[in-house]
>>> print(open('input24.pdb').read())   # PDB, C-alpha atoms, pLDDT in the B column
ATOM      1  CA  MET A   1     161.529  81.601 126.676  1.00 58.00           C
ATOM      2  CA  SER A   2     164.559  83.882 126.556  1.00 67.00           C
ATOM      3  CA  ASN A   3     164.504  87.256 124.850  1.00 66.00           C
ATOM      4  CA  GLU A   4     166.975  86.021 122.252  1.00 79.00           C
ATOM      5  CA  MET A   5     164.811  83.013 121.446  1.00 70.00           C
ATOM      6  CA  MET A   6     161.673  85.176 121.350  1.00 68.00           C
ATOM      7  CA  LYS A   7     163.400  87.599 118.993  1.00 71.00           C
ATOM      8  CA  ARG A   8     164.426  84.775 116.663  1.00 76.00           C
ATOM      9  CA  GLU A   9     160.890  83.333 116.640  1.00 78.00           C
ATOM     10  CA  MET A  10     159.484  86.761 115.793  1.00 78.00           C
ATOM     11  CA  GLN A  11     161.989  87.152 112.949  1.00 82.00           C
ATOM     12  CA  GLU A  12     160.997  83.763 111.562  1.00 84.00           C
ATOM     13  CA  ALA A  13     157.338  84.737 111.761  1.00 83.00           C
ATOM     14  CA  VAL A  14     158.012  88.038 109.998  1.00 84.00           C
ATOM     15  CA  GLN A  15     159.958  86.257 107.247  1.00 90.00           C
ATOM     16  CA  ALA A  16     157.153  83.730 106.799  1.00 90.00           C
ATOM     17  CA  GLY A  17     154.633  86.568 106.630  1.00 89.00           C
ATOM     18  CA  GLU A  18     156.726  88.392 104.045  1.00 92.00           C
ATOM     19  CA  ARG A  19     156.943  85.250 101.902  1.00 93.00           C
ATOM     20  CA  ALA A  20     153.171  84.874 102.091  1.00 91.00           C
ATOM     21  CA  LEU A  21     152.700  88.506 101.146  1.00 92.00           C
ATOM     22  CA  GLN A  22     155.033  88.165  98.152  1.00 94.00           C
ATOM     23  CA  SER A  23     153.094  85.118  96.955  1.00 93.00           C
ATOM     24  CA  LEU A  24     149.845  87.051  97.240  1.00 92.00           C
ATOM     25  CA  TYR A  25     151.294  90.014  95.333  1.00 93.00           C
ATOM     26  CA  ALA A  26     152.519  87.700  92.583  1.00 95.00           C
ATOM     27  CA  ALA A  27     149.062  86.081  92.322  1.00 92.00           C
ATOM     28  CA  ARG A  28     147.433  89.514  92.197  1.00 92.00           C
ATOM     29  CA  ASP A  29     149.752  90.575  89.392  1.00 94.00           C
ATOM     30  CA  LYS A  30     148.985  87.424  87.387  1.00 94.00           C
ATOM     31  CA  LEU A  31     145.256  87.985  87.888  1.00 91.00           C
ATOM     32  CA  GLY A  32     145.681  91.552  86.677  1.00 93.00           C
ATOM     33  CA  SER A  33     147.391  90.258  83.568  1.00 93.00           C
ATOM     34  CA  ALA A  34     144.625  87.673  83.079  1.00 92.00           C
ATOM     35  CA  ARG A  35     142.066  90.457  83.429  1.00 92.00           C
ATOM     36  CA  ASN A  36     143.809  92.501  80.750  1.00 91.00           C
ATOM     37  CA  TRP A  37     143.925  89.532  78.389  1.00 92.00           C
ATOM     38  CA  GLY A  38     140.266  88.880  79.197  1.00 90.00           C
ATOM     39  CA  ILE A  39     139.356  92.408  78.177  1.00 91.00           C
ATOM     40  CA  PHE A  40     141.293  91.934  74.946  1.00 90.00           C
ATOM     41  CA  ASP A  41     139.452  88.638  74.448  1.00 88.00           C
ATOM     42  CA  MET A  42     136.095  90.331  74.967  1.00 88.00           C
ATOM     43  CA  LEU A  43     137.018  92.808  72.248  1.00 90.00           C
ATOM     44  CA  GLY A  44     137.578  89.976  69.784  1.00 88.00           C
ATOM     45  CA  GLY A  45     141.028  88.689  70.675  1.00 84.00           C
ATOM     46  CA  GLY A  46     140.288  85.135  69.562  1.00 88.00           C
ATOM     47  CA  PHE A  47     142.000  81.858  70.390  1.00 88.00           C
ATOM     48  CA  ILE A  48     145.427  83.294  71.234  1.00 90.00           C
ATOM     49  CA  SER A  49     143.977  85.639  73.848  1.00 89.00           C
ATOM     50  CA  ASP A  50     141.960  82.724  75.303  1.00 90.00           C
ATOM     51  CA  PHE A  51     145.120  80.663  75.570  1.00 92.00           C
ATOM     52  CA  VAL A  52     147.203  83.417  77.171  1.00 93.00           C
ATOM     53  CA  LYS A  53     144.390  84.408  79.553  1.00 92.00           C
ATOM     54  CA  HIS A  54     143.933  80.835  80.765  1.00 91.00           C
ATOM     55  CA  SER A  55     147.687  80.403  81.091  1.00 94.00           C
ATOM     56  CA  LYS A  56     147.798  83.493  83.324  1.00 91.00           C
ATOM     57  CA  MET A  57     144.829  82.157  85.312  1.00 92.00           C
ATOM     58  CA  ASN A  58     146.594  78.810  85.819  1.00 93.00           C
ATOM     59  CA  ASP A  59     149.732  80.634  86.942  1.00 94.00           C
ATOM     60  CA  ALA A  60     147.635  82.688  89.365  1.00 92.00           C
ATOM     61  CA  SER A  61     146.024  79.534  90.770  1.00 92.00           C
ATOM     62  CA  ALA A  62     149.457  78.004  91.377  1.00 94.00           C
ATOM     63  CA  LEU A  63     150.613  81.197  93.085  1.00 93.00           C
ATOM     64  CA  MET A  64     147.482  81.189  95.264  1.00 91.00           C
ATOM     65  CA  GLU A  65     148.297  77.624  96.308  1.00 92.00           C
ATOM     66  CA  GLN A  66     151.820  78.768  97.168  1.00 94.00           C
ATOM     67  CA  ALA A  67     150.342  81.655  99.152  1.00 92.00           C
ATOM     68  CA  LYS A  68     148.143  79.202 101.074  1.00 92.00           C
ATOM     69  CA  SER A  69     151.192  77.162 101.969  1.00 93.00           C
ATOM     70  CA  ASP A  70     153.111  80.286 102.976  1.00 93.00           C
ATOM     71  CA  ILE A  71     150.234  81.541 105.123  1.00 90.00           C
ATOM     72  CA  GLN A  72     149.945  78.151 106.820  1.00 90.00           C
ATOM     73  CA  ARG A  73     153.632  78.335 107.648  1.00 89.00           C
ATOM     74  CA  PHE A  74     153.075  81.875 108.936  1.00 87.00           C
ATOM     75  CA  GLN A  75     150.269  80.559 111.142  1.00 83.00           C
ATOM     76  CA  ARG A  76     152.517  77.832 112.506  1.00 84.00           C
ATOM     77  CA  GLU A  77     155.182  80.420 113.281  1.00 83.00           C
ATOM     78  CA  LEU A  78     152.779  82.645 115.166  1.00 78.00           C
ATOM     79  CA  ARG A  79     150.598  79.869 116.641  1.00 72.00           C
ATOM     80  CA  ASP A  80     148.325  82.399 118.313  1.00 52.00           C
ATOM     81  CA  VAL A  81     147.096  84.057 115.138  1.00 43.00           C
ATOM     82  CA  GLN A  82     143.980  82.714 113.469  1.00 46.00           C
ATOM     83  CA  VAL A  83     143.897  83.473 109.756  1.00 39.00           C
ATOM     84  CA  SER A  84     140.996  82.268 107.664  1.00 40.00           C
ATOM     85  CA  LEU A  85     142.027  81.068 104.219  1.00 41.00           C
ATOM     86  CA  ASP A  86     139.757  81.214 101.204  1.00 50.00           C
ATOM     87  CA  LEU A  87     142.177  81.572  98.327  1.00 51.00           C
ATOM     88  CA  ARG A  88     140.959  79.910  95.185  1.00 62.00           C
ATOM     89  CA  MET A  89     139.720  80.540  91.714  1.00 61.00           C
ATOM     90  CA  GLU A  90     137.126  78.144  90.389  1.00 66.00           C
ATOM     91  CA  ILE A  91     136.256  78.601  86.772  1.00 67.00           C
ATOM     92  CA  GLY A  92     134.774  75.187  86.015  1.00 68.00           C
ATOM     93  CA  SER A  93     135.413  72.987  83.021  1.00 67.00           C
ATOM     94  CA  PHE A  94     132.282  74.021  81.112  1.00 60.00           C
ATOM     95  CA  LEU A  95     133.107  77.705  81.384  1.00 58.00           C
ATOM     96  CA  SER A  96     136.659  77.007  80.202  1.00 67.00           C
ATOM     97  CA  PHE A  97     135.261  75.019  77.285  1.00 56.00           C
ATOM     98  CA  ALA A  98     132.752  77.745  76.443  1.00 56.00           C
ATOM     99  CA  ASP A  99     135.413  80.431  76.621  1.00 58.00           C
ATOM    100  CA  PHE A 100     137.735  78.586  74.236  1.00 58.00           C
ATOM    101  CA  PHE A 101     135.333  77.058  71.753  1.00 56.00           C
ATOM    102  CA  LEU A 102     132.212  79.207  71.831  1.00 59.00           C
ATOM    103  CA  ASP A 103     134.297  82.347  72.418  1.00 61.00           C
ATOM    104  CA  GLY A 104     131.312  84.604  72.882  1.00 66.00           C
ATOM    105  CA  LEU A 105     130.829  87.767  74.848  1.00 68.00           C
ATOM    106  CA  VAL A 106     128.781  86.004  77.561  1.00 65.00           C
ATOM    107  CA  ALA A 107     131.460  83.369  78.247  1.00 66.00           C
ATOM    108  CA  ASP A 108     134.176  86.037  78.172  1.00 72.00           C
ATOM    109  CA  TYR A 109     132.204  88.161  80.635  1.00 69.00           C
ATOM    110  CA  MET A 110     131.663  85.207  82.982  1.00 71.00           C
ATOM    111  CA  VAL A 111     135.392  84.411  82.970  1.00 75.00           C
ATOM    112  CA  GLN A 112     136.156  88.083  83.650  1.00 77.00           C
ATOM    113  CA  SER A 113     133.805  87.899  86.648  1.00 80.00           C
ATOM    114  CA  LYS A 114     135.703  84.881  88.010  1.00 77.00           C
ATOM    115  CA  ILE A 115     138.996  86.731  87.604  1.00 81.00           C
ATOM    116  CA  ALA A 116     137.597  89.804  89.386  1.00 81.00           C
ATOM    117  CA  ASP A 117     136.216  87.675  92.241  1.00 77.00           C
ATOM    118  CA  ALA A 118     139.558  85.945  92.722  1.00 78.00           C
ATOM    119  CA  ARG A 119     141.380  89.305  92.779  1.00 76.00           C
ATOM    120  CA  GLU A 120     139.171  90.490  95.654  1.00 68.00           C
TER     121      GLU A 120
END
>>> encode(input="input24.pdb", output="structure tokens")
Amino acid sequence: MSNEMMKREMQEAVQAGERALQSLYAARDKLGSARNWGIFDMLGGGFISDFVKHSKMNDASALMEQAKSDIQRFQRELRDVQVSLDLRMEIGSFLSFADFFLDGLVADYMVQSKIADARE
């Protein structure tokens, strides 16, 4: 492989890595926003805060899926790099139901824990 070709491949890999990083940053920011709405919800925010929090969580999940795709592309570009992917946020339908309709401190705390785990 020529130096010019090698340089181009490296640039493509760097660009793919930067896209993946931007997706991860965007997901982190959405999770931070979800966390803030979750805190508000725990302090008695009610249905509106539940709705906004879950909207932010859904946005974060979509961004994490985008990040997975971007990282897979990054892996294909590098070919020699092994990156383990475990990007997901699983809240479960019962916990979502409990958070919206029971809207108690325990359900709010459990959702906050899921948000914190996904941020890590």
>>> resolve_selection(input="input24.pdb", expression="the PyMOL selection byres ((chain A and resi 15-19) around 10)", output="list of chain:residue names")
A:Glu9, A:Met10, A:Gln11, A:Glu12, A:Ala13, A:Val14, A:Ala20, A:Leu21, A:Gln22, A:Ser23, A:Leu24, A:Tyr25, A:Gln66, A:Ala67, A:Ser69, A:Asp70, A:Ile71, A:Gln72, A:Arg73, A:Phe74, A:Gln75, A:Arg76, A:Glu77, A:Leu78
>>> write_last_selection(input="input24.pdb", atoms="C-alpha atoms", output="mmCIF file, keeping the file's coordinate frame")
data_model
loop_
_atom_site.group_PDB
_atom_site.id
_atom_site.type_symbol
_atom_site.label_atom_id
_atom_site.label_comp_id
_atom_site.auth_asym_id
_atom_site.auth_seq_id
_atom_site.Cartn_x
_atom_site.Cartn_y
_atom_site.Cartn_z
ATOM 1 C CA GLU A 9 160.890 83.333 116.640
ATOM 2 C CA MET A 10 159.484 86.761 115.793
ATOM 3 C CA GLN A 11 161.989 87.152 112.949
ATOM 4 C CA GLU A 12 160.997 83.763 111.562
ATOM 5 C CA ALA A 13 157.338 84.737 111.761
ATOM 6 C CA VAL A 14 158.012 88.038 109.998
ATOM 7 C CA ALA A 20 153.171 84.874 102.091
ATOM 8 C CA LEU A 21 152.700 88.506 101.146
ATOM 9 C CA GLN A 22 155.033 88.165 98.152
ATOM 10 C CA SER A 23 153.094 85.118 96.955
ATOM 11 C CA LEU A 24 149.845 87.051 97.240
ATOM 12 C CA TYR A 25 151.294 90.014 95.333
ATOM 13 C CA GLN A 66 151.820 78.768 97.168
ATOM 14 C CA ALA A 67 150.342 81.655 99.152
ATOM 15 C CA SER A 69 151.192 77.162 101.969
ATOM 16 C CA ASP A 70 153.111 80.286 102.976
ATOM 17 C CA ILE A 71 150.234 81.541 105.123
ATOM 18 C CA GLN A 72 149.945 78.151 106.820
ATOM 19 C CA ARG A 73 153.632 78.335 107.648
ATOM 20 C CA PHE A 74 153.075 81.875 108.936
ATOM 21 C CA GLN A 75 150.269 80.559 111.142
ATOM 22 C CA ARG A 76 152.517 77.832 112.506
ATOM 23 C CA GLU A 77 155.182 80.420 113.281
ATOM 24 C CA LEU A 78 152.779 82.645 115.166
#
>>> closest_residue(input="input24.pdb", among="A:Met110, A:Met5, A:Met64, A:Met42", to="A:Ala27", atoms="all atoms listed in the file")
A:Met64
>>> atom_distance(input="input24.pdb", atom1="atom CA of A:Ser113", atom2="atom CA of A:Gly44")
17.4 Å
>>> closest_residue(input="input24.pdb", among="A:Ile115, A:Arg79, A:Phe51, A:Lys7", to="A:Leu31", atoms="only C-alpha atoms")
A:Ile115
>>> residues_around(input="input24.pdb", residues="A:Gly32", least_positions_apart="5", cutoff="12 Å", atoms="all atoms listed in the file", output="list in words")
Tyr25, Ala26, Ala27, Trp37, Gly38, Ile39, Lys53, Lys56, Met57, Asp59, Ala60, Gln112, Ile115, Ala116, Asp117, Ala118, Arg119 and Glu120 of chain A
>>> atom_distance(input="input24.pdb", atom1="atom CA of A:Ser61", atom2="atom CA of A:Phe47")
20.9 Å
>>> atom_distance(input="input24.pdb", atom1="atom CA of A:Glu65", atom2="atom CA of A:Arg28")
12.6 Å
